[in-house]
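Here the structure is laid out as structure tokens; the discussion comes afterwards.
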Amino acid sequence: MNYLKLGLLAFIFSIPFTSFAQFVQKPLPYAFNALEPYIDATTMEIHYTKHHAGYVKNLNAALANIPNDGRDQKITDILKNIAKYDGAVRNNAGGHYNHEFFWSILSPKSNKPSDYLMSAINKQFGSLDSLKGLLNKAALGRFGSGWAWVIVNPQLKLEVISTPLQDNPLMGDAPKKGTPILGIDVWEHAYYLKYQNKRGDYLAAIWNVFNWDEISRLYEANVPKLTLDQKWSSLANYSASLDKIKELSAKDPKQMIFHTSKLTDAAKELTKSPIPADYASNAMTKNIGDLGNLSTNLDQLIRKKAKSKLINNAIAQINDLVKNILSTVNN
Ligand code: MN
């Protein structure tokens with residue numbers, strides 16, 4: 001055993017056995033001035049090095065009174081079981097989690113929501129602007145200090161809520177529970193130096209520095225994308241059958257007749273089964289009807305041994321229509 005290892009062992013045994021895991025602040029992922037002019041450098045510096053650091057220090061102090069095996073080790077578990085802790089743990093565990101989260105969903109690089117998140121926003125709120133209106137209203141309406149959130153609720157829907165003080169929707173006793181994907185700190189310490197009492201101006205500005213890559217990632221992590229088969233199995237089946245035909249039409253036209261009759265069967269199943277409610281519309285009904293007719297037409301062309309140009313045109317027409325349908329379903 002070399003001296004380095006001995007030194008390490010001596011160090012480990014010098015730590016009292018009653019010690020517990022201390023929470024530490026992650027480094028801020030950008031410079032204090034990175035969010036200028038929307039959030040000023042002084043506010044960021046004080047917010048991170050004094051307010052957030054204070055929550056971490058006070059959380060560790062509050063937990064020091066509790067035996068190590070009598071408390072949760074993970075911050076999210078502390079929040080889930082918050083009812084069993086005192087007010088100091090509540091305020092400071094919430095304060096630590098909320099700020100760590102807040103830094104992660106801000107960014108100097110302006111970007112936009114992913115198509116997947118955008119489609120959920122459009123479906124539920126009509127537009128990003130109306131979500132903005134709802135969130136800013138919740139933030140303005142929060143009396144005193146607190147947070148406004150966009151959460152994924154237990155039904156996997158987006159929801160706009162607000163919480164008092166350092167509470168958050170991960171707390172086991174929260175009236176509205178869910179997983180935050182976006183949050184705005186509306187404590188005065190988050191904006192007073194630059195915006196004074198004008199919380200509305202701060203709320204208008206902060207939309208310029210949201211980290212939509214991270215917000216979109218959080219959304220997808222909590223609402224996993226469904227496969228085509230999970231969304232609409234008869235369409236998935238049809239689409240797979242069409243892929244086979246596209247592959248064969250170039251290489252082995254003799255095999256085509258077997259597969260076009262399979263495609264016709266898949267088309268029958270597709271036109272018979274109801275269109276899933278999420279995609280139902282007059283246009284979709286028409287598209288699916290057309291797909292049925294085009295499939296029958298292709299099958300007849302093959303049986304008649306029509307010219308390959310006609311067959312390829314028919315396949316291309318079907319392919320365009322399927323692409324069009326899939327763009328609606330995948331959005
Ligand atoms: Mn704060």
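Residue numbering restarts at 1 in every chain; chains get A, B, ... in the order shown in the structure tokens, and ligands count up from 1 in that same order.
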
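For ligand 1, the neighbouring protein, DNA and RNA residues, which are those within 7 Å when only C-alpha atoms and all ligand atoms are counted, are A:His47, A:His51, A:His52, A:His99, A:Asp185, A:Trp187, A:His189, A:Ala190.
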
Kindly export the residues of the current selection with C-alpha atoms, as a PDB file, in the first residue's frame.
ATOM      1  CA  HIS A  47     -29.415  35.311  -6.734  1.00  0.00           C
ATOM      2  CA  HIS A  51     -30.063  33.404  -2.206  1.00  0.00           C
ATOM      3  CA  HIS A  52     -29.606  29.962  -3.732  1.00  0.00           C
ATOM      4  CA  HIS A  99     -33.270  27.324  -8.144  1.00  0.00           C
ATOM      5  CA  ASP A 185     -39.164  32.655  -9.879  1.00  0.00           C
ATOM      6  CA  TRP A 187     -39.692  36.477  -5.672  1.00  0.00           C
ATOM      7  CA  HIS A 189     -35.038  39.104  -5.376  1.00  0.00           C
ATOM      8  CA  ALA A 190     -35.284  37.643  -8.902  1.00  0.00           C
TER       9      ALA A 190
END

Quiz prompt | Long-range neighbours of Ser239 of chain A as a ChimeraX atom specification, 12 Å cut-off, only C-alpha atoms, 6 positions minimum in chain | solution = /A:228-229,232-233,245-246,262-264,266-267,270,291,295,318-323,325-326

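Straight-line separation from atom CA of Glu214 of chain A to atom CA of Ser104 of chain A: 7.2 Å.
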
Quiz item: Got a sec: who's within 9 Å of Ser114 of chain A, counting only C-alpha atoms, leaving out chain neighbours fewer than 5 positions off, as a PyMOL selection string?
Solution: chain A and resi 119+212-213+215-217

Self-check item: Nearby residues (only C-alpha atoms) at most 12 Å from segment 131-136 of chain A, same-chain spacing under 2 positions excluded, as an NGL selection string
Solution: :A and (118 or 120-129 or 138-142 or 147-151 or 158-162 or 182-186 or 199-208 or 210)

For the residues in the current selection, export N, CA and C atoms as a compact mmCIF listing (two decimals), in the first residue's frame.
# COMPACT_ATOMS: atom_id res chain seq x y z
N MET A 118 -44.20 21.59 -29.07
CA MET A 118 -45.03 22.63 -29.70
C MET A 118 -46.40 22.08 -30.06
N ALA A 120 -48.00 19.67 -28.56
CA ALA A 120 -48.80 19.53 -27.32
C ALA A 120 -49.30 20.91 -26.87
N ILE A 121 -48.46 21.93 -26.98
CA ILE A 121 -48.87 23.30 -26.59
C ILE A 121 -50.02 23.76 -27.48
N ASN A 122 -49.86 23.55 -28.78
CA ASN A 122 -50.93 23.98 -29.70
C ASN A 122 -52.24 23.24 -29.43
N LYS A 123 -52.11 21.93 -29.19
CA LYS A 123 -53.32 21.14 -28.95
C LYS A 123 -54.03 21.61 -27.69
N GLN A 124 -53.25 21.88 -26.63
CA GLN A 124 -53.87 22.17 -25.35
C GLN A 124 -54.21 23.64 -25.14
N PHE A 125 -53.36 24.53 -25.68
CA PHE A 125 -53.55 25.95 -25.38
C PHE A 125 -53.87 26.78 -26.62
N GLY A 126 -53.78 26.19 -27.80
CA GLY A 126 -54.06 26.93 -29.04
C GLY A 126 -52.78 27.48 -29.66
N SER A 127 -51.91 28.06 -28.83
CA SER A 127 -50.65 28.62 -29.35
C SER A 127 -49.68 28.84 -28.20
N LEU A 128 -48.42 29.09 -28.56
CA LEU A 128 -47.42 29.40 -27.53
C LEU A 128 -47.76 30.73 -26.86
N ASP A 129 -48.30 31.65 -27.64
CA ASP A 129 -48.68 32.95 -27.07
C ASP A 129 -49.76 32.81 -25.99
N ALA A 138 -50.62 33.72 -14.19
CA ALA A 138 -50.42 32.98 -12.94
C ALA A 138 -49.29 33.60 -12.13
N ALA A 139 -48.24 34.05 -12.82
CA ALA A 139 -47.08 34.64 -12.15
C ALA A 139 -47.43 36.01 -11.56
N LEU A 140 -48.20 36.78 -12.32
CA LEU A 140 -48.62 38.10 -11.82
C LEU A 140 -49.59 37.97 -10.66
N GLY A 141 -50.42 36.94 -10.72
CA GLY A 141 -51.46 36.75 -9.72
C GLY A 141 -50.95 36.13 -8.43
N ARG A 142 -49.73 35.64 -8.43
CA ARG A 142 -49.17 35.07 -7.20
C ARG A 142 -48.89 36.18 -6.23
N TRP A 147 -43.73 30.99 -7.14
CA TRP A 147 -43.30 30.51 -8.46
C TRP A 147 -44.52 30.27 -9.33
N ALA A 148 -44.32 30.44 -10.64
CA ALA A 148 -45.33 30.00 -11.62
C ALA A 148 -44.70 28.88 -12.44
N TRP A 149 -45.49 27.88 -12.75
CA TRP A 149 -44.95 26.65 -13.37
C TRP A 149 -45.77 26.20 -14.56
N VAL A 150 -45.09 25.55 -15.51
CA VAL A 150 -45.77 24.66 -16.44
C VAL A 150 -45.36 23.26 -16.03
N ILE A 151 -46.36 22.43 -15.72
CA ILE A 151 -46.06 21.07 -15.27
C ILE A 151 -46.65 20.05 -16.24
N LEU A 158 -50.20 19.03 -20.03
CA LEU A 158 -49.55 20.25 -19.56
C LEU A 158 -50.54 21.04 -18.72
N GLU A 159 -50.03 21.70 -17.69
CA GLU A 159 -50.91 22.49 -16.84
C GLU A 159 -50.11 23.68 -16.30
N VAL A 160 -50.77 24.82 -16.19
CA VAL A 160 -50.15 26.03 -15.64
C VAL A 160 -50.62 26.20 -14.20
N ILE A 161 -49.66 26.32 -13.28
CA ILE A 161 -50.02 26.48 -11.87
C ILE A 161 -49.07 27.48 -11.21
N SER A 162 -49.38 27.87 -9.99
CA SER A 162 -48.40 28.63 -9.22
C SER A 162 -48.38 28.12 -7.79
N LEU A 182 -41.13 23.91 -16.78
CA LEU A 182 -40.77 25.32 -16.90
C LEU A 182 -41.21 25.99 -15.60
N GLY A 183 -40.40 26.93 -15.11
CA GLY A 183 -40.77 27.62 -13.88
C GLY A 183 -40.24 29.04 -13.87
N ILE A 184 -40.98 29.94 -13.28
CA ILE A 184 -40.51 31.32 -13.16
C ILE A 184 -40.50 31.71 -11.68
N ASP A 185 -39.34 32.15 -11.24
CA ASP A 185 -39.16 32.66 -9.88
C ASP A 185 -39.77 34.06 -9.83
N VAL A 186 -40.81 34.24 -9.03
CA VAL A 186 -41.39 35.59 -8.94
C VAL A 186 -41.16 36.21 -7.56
N ARG A 199 -43.20 43.66 -11.96
CA ARG A 199 -43.09 42.22 -12.19
C ARG A 199 -43.48 41.87 -13.63
N GLY A 200 -44.45 42.59 -14.17
CA GLY A 200 -44.91 42.33 -15.55
C GLY A 200 -43.81 42.53 -16.57
N ASP A 201 -42.95 43.53 -16.36
CA ASP A 201 -41.85 43.78 -17.31
C ASP A 201 -40.83 42.64 -17.26
N TYR A 202 -40.56 42.17 -16.04
CA TYR A 202 -39.66 41.03 -15.86
C TYR A 202 -40.24 39.80 -16.56
N LEU A 203 -41.54 39.59 -16.40
CA LEU A 203 -42.18 38.41 -17.01
C LEU A 203 -42.15 38.49 -18.53
N ALA A 204 -42.30 39.70 -19.07
CA ALA A 204 -42.23 39.85 -20.53
C ALA A 204 -40.81 39.54 -21.01
N ALA A 205 -39.81 39.98 -20.23
CA ALA A 205 -38.40 39.83 -20.66
C ALA A 205 -37.93 38.38 -20.58
N ILE A 206 -38.39 37.66 -19.57
CA ILE A 206 -37.79 36.33 -19.32
C ILE A 206 -38.07 35.35 -20.46
N TRP A 207 -39.09 35.62 -21.26
CA TRP A 207 -39.38 34.74 -22.40
C TRP A 207 -38.29 34.77 -23.45
N ASN A 208 -37.38 35.74 -23.37
CA ASN A 208 -36.25 35.79 -24.30
C ASN A 208 -35.10 34.87 -23.91
N PHE A 210 -35.55 31.64 -22.22
CA PHE A 210 -35.90 30.26 -21.87
C PHE A 210 -35.07 29.29 -22.70

Exercise. Apply DSSP to the structure's backbone, then extract all residues of segment 73-245 of chain A labelled strand (DSSP E or B) and return them as a PyMOL selection string.
Key: chain A and resi 106+146-152+158-164+179-185+210

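Contact shell of segment 107-110 of chain A at 6 Å (only C-alpha atoms; same-chain neighbours under 6 positions omitted): A:Ala34, A:Leu35, A:Val209, A:Phe210, A:Asn211.
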
Residue subset to file, keeping N, CA and C atoms, as a PDB file, in the first residue's frame:
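Done, and the output landed in result03.pdb:
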ATOM      1  N   ALA A  34     -24.626  36.486 -18.684  1.00  0.00           N
ATOM      2  CA  ALA A  34     -25.017  35.831 -19.947  1.00  0.00           C
ATOM      3  C   ALA A  34     -26.460  36.129 -20.349  1.00  0.00           C
ATOM      4  N   LEU A  35     -27.308  36.436 -19.382  1.00  0.00           N
ATOM      5  CA  LEU A  35     -28.729  36.635 -19.708  1.00  0.00           C
ATOM      6  C   LEU A  35     -29.086  38.113 -19.875  1.00  0.00           C
ATOM      7  N   VAL A 209     -35.139  34.338 -22.709  1.00  0.00           N
ATOM      8  CA  VAL A 209     -33.993  33.531 -22.250  1.00  0.00           C
ATOM      9  C   VAL A 209     -34.402  32.134 -21.771  1.00  0.00           C
ATOM     10  N   PHE A 210     -35.552  31.640 -22.222  1.00  0.00           N
ATOM     11  CA  PHE A 210     -35.896  30.265 -21.871  1.00  0.00           C
ATOM     12  C   PHE A 210     -35.071  29.286 -22.704  1.00  0.00           C
ATOM     13  N   ASN A 211     -34.617  28.243 -22.039  1.00  0.00           N
ATOM     14  CA  ASN A 211     -33.836  27.189 -22.680  1.00  0.00           C
ATOM     15  C   ASN A 211     -34.797  26.114 -23.198  1.00  0.00           C
TER      16      ASN A 211
END

Exercise. Just the residues within 12 Å of Ala31 of chain A, please, counting only C-alpha atoms, with nothing from its chain fewer than 2 positions along; format it as a list in words.
Key: Pro27, Leu28, Pro29, Asn33, Ala34, Leu35, Glu36, Ile39, Asp40, Ala41, Thr42, Met44, Glu45, Tyr48, Trp103, Leu106, Ser107 and Pro108 of chain A

Self-check item: Between atom CA of Val152 of chain A and atom CA of Pro180 of chain A, distance in Å (one decimal)
Solution: 6.4 Å

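Atom pair atom CA of Lys244 of chain A / atom CA of Ala283 of chain A: separated by 26.5 Å.
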
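The residues of segment 15-56 of chain A that DSSP classifies as helix (DSSP H, G or I), using the backbone of this structure, are Ala41, Thr42, Thr43, Met44, Glu45, Ile46, His47, Tyr48, Thr49, Lys50, His51, His52, Ala53, Gly54, Tyr55 and Val56 of chain A.
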
Can I get the selection written as an mmCIF file, in the first residue's frame, with N, CA and C atoms?
data_model
loop_
_atom_site.group_PDB
_atom_site.id
_atom_site.type_symbol
_atom_site.label_atom_id
_atom_site.label_comp_id
_atom_site.auth_asym_id
_atom_site.auth_seq_id
_atom_site.Cartn_x
_atom_site.Cartn_y
_atom_site.Cartn_z
ATOM 1 N N ALA A 41 -26.585 41.103 -14.643
ATOM 2 C CA ALA A 41 -25.517 40.316 -14.023
ATOM 3 C C ALA A 41 -25.548 40.399 -12.492
ATOM 4 N N THR A 42 -25.808 41.586 -11.955
ATOM 5 C CA THR A 42 -25.803 41.723 -10.492
ATOM 6 C C THR A 42 -26.914 40.877 -9.860
ATOM 7 N N THR A 43 -28.093 40.934 -10.466
ATOM 8 C CA THR A 43 -29.196 40.105 -9.958
ATOM 9 C C THR A 43 -28.804 38.636 -9.995
ATOM 10 N N MET A 44 -28.234 38.197 -11.122
ATOM 11 C CA MET A 44 -27.854 36.786 -11.244
ATOM 12 C C MET A 44 -26.824 36.405 -10.192
ATOM 13 N N GLU A 45 -25.837 37.278 -9.997
ATOM 14 C CA GLU A 45 -24.768 36.953 -9.054
ATOM 15 C C GLU A 45 -25.305 36.837 -7.628
ATOM 16 N N ILE A 46 -26.106 37.822 -7.226
ATOM 17 C CA ILE A 46 -26.664 37.783 -5.864
ATOM 18 C C ILE A 46 -27.625 36.607 -5.709
ATOM 19 N N HIS A 47 -28.415 36.380 -6.766
ATOM 20 C CA HIS A 47 -29.415 35.311 -6.734
ATOM 21 C C HIS A 47 -28.743 33.944 -6.547
ATOM 22 N N TYR A 48 -27.646 33.748 -7.310
ATOM 23 C CA TYR A 48 -26.959 32.453 -7.257
ATOM 24 C C TYR A 48 -26.062 32.329 -6.013
ATOM 25 N N THR A 49 -25.255 33.351 -5.747
ATOM 26 C CA THR A 49 -24.238 33.201 -4.688
ATOM 27 C C THR A 49 -24.773 33.518 -3.290
ATOM 28 N N LYS A 50 -25.890 34.235 -3.215
ATOM 29 C CA LYS A 50 -26.442 34.546 -1.885
ATOM 30 C C LYS A 50 -27.754 33.790 -1.629
ATOM 31 N N HIS A 51 -28.756 34.016 -2.476
ATOM 32 C CA HIS A 51 -30.063 33.404 -2.206
ATOM 33 C C HIS A 51 -30.019 31.885 -2.342
ATOM 34 N N HIS A 52 -29.637 31.411 -3.536
ATOM 35 C CA HIS A 52 -29.606 29.962 -3.732
ATOM 36 C C HIS A 52 -28.606 29.305 -2.772
ATOM 37 N N ALA A 53 -27.417 29.899 -2.671
ATOM 38 C CA ALA A 53 -26.411 29.336 -1.757
ATOM 39 C C ALA A 53 -26.944 29.287 -0.326
ATOM 40 N N GLY A 54 -27.724 30.295 0.040
ATOM 41 C CA GLY A 54 -28.316 30.333 1.380
ATOM 42 C C GLY A 54 -29.284 29.178 1.614
ATOM 43 N N TYR A 55 -30.096 28.874 0.601
ATOM 44 C CA TYR A 55 -31.028 27.742 0.745
ATOM 45 C C TYR A 55 -30.247 26.450 0.957
ATOM 46 N N VAL A 56 -29.160 26.276 0.219
ATOM 47 C CA VAL A 56 -28.374 25.042 0.321
ATOM 48 C C VAL A 56 -27.753 24.930 1.714
#
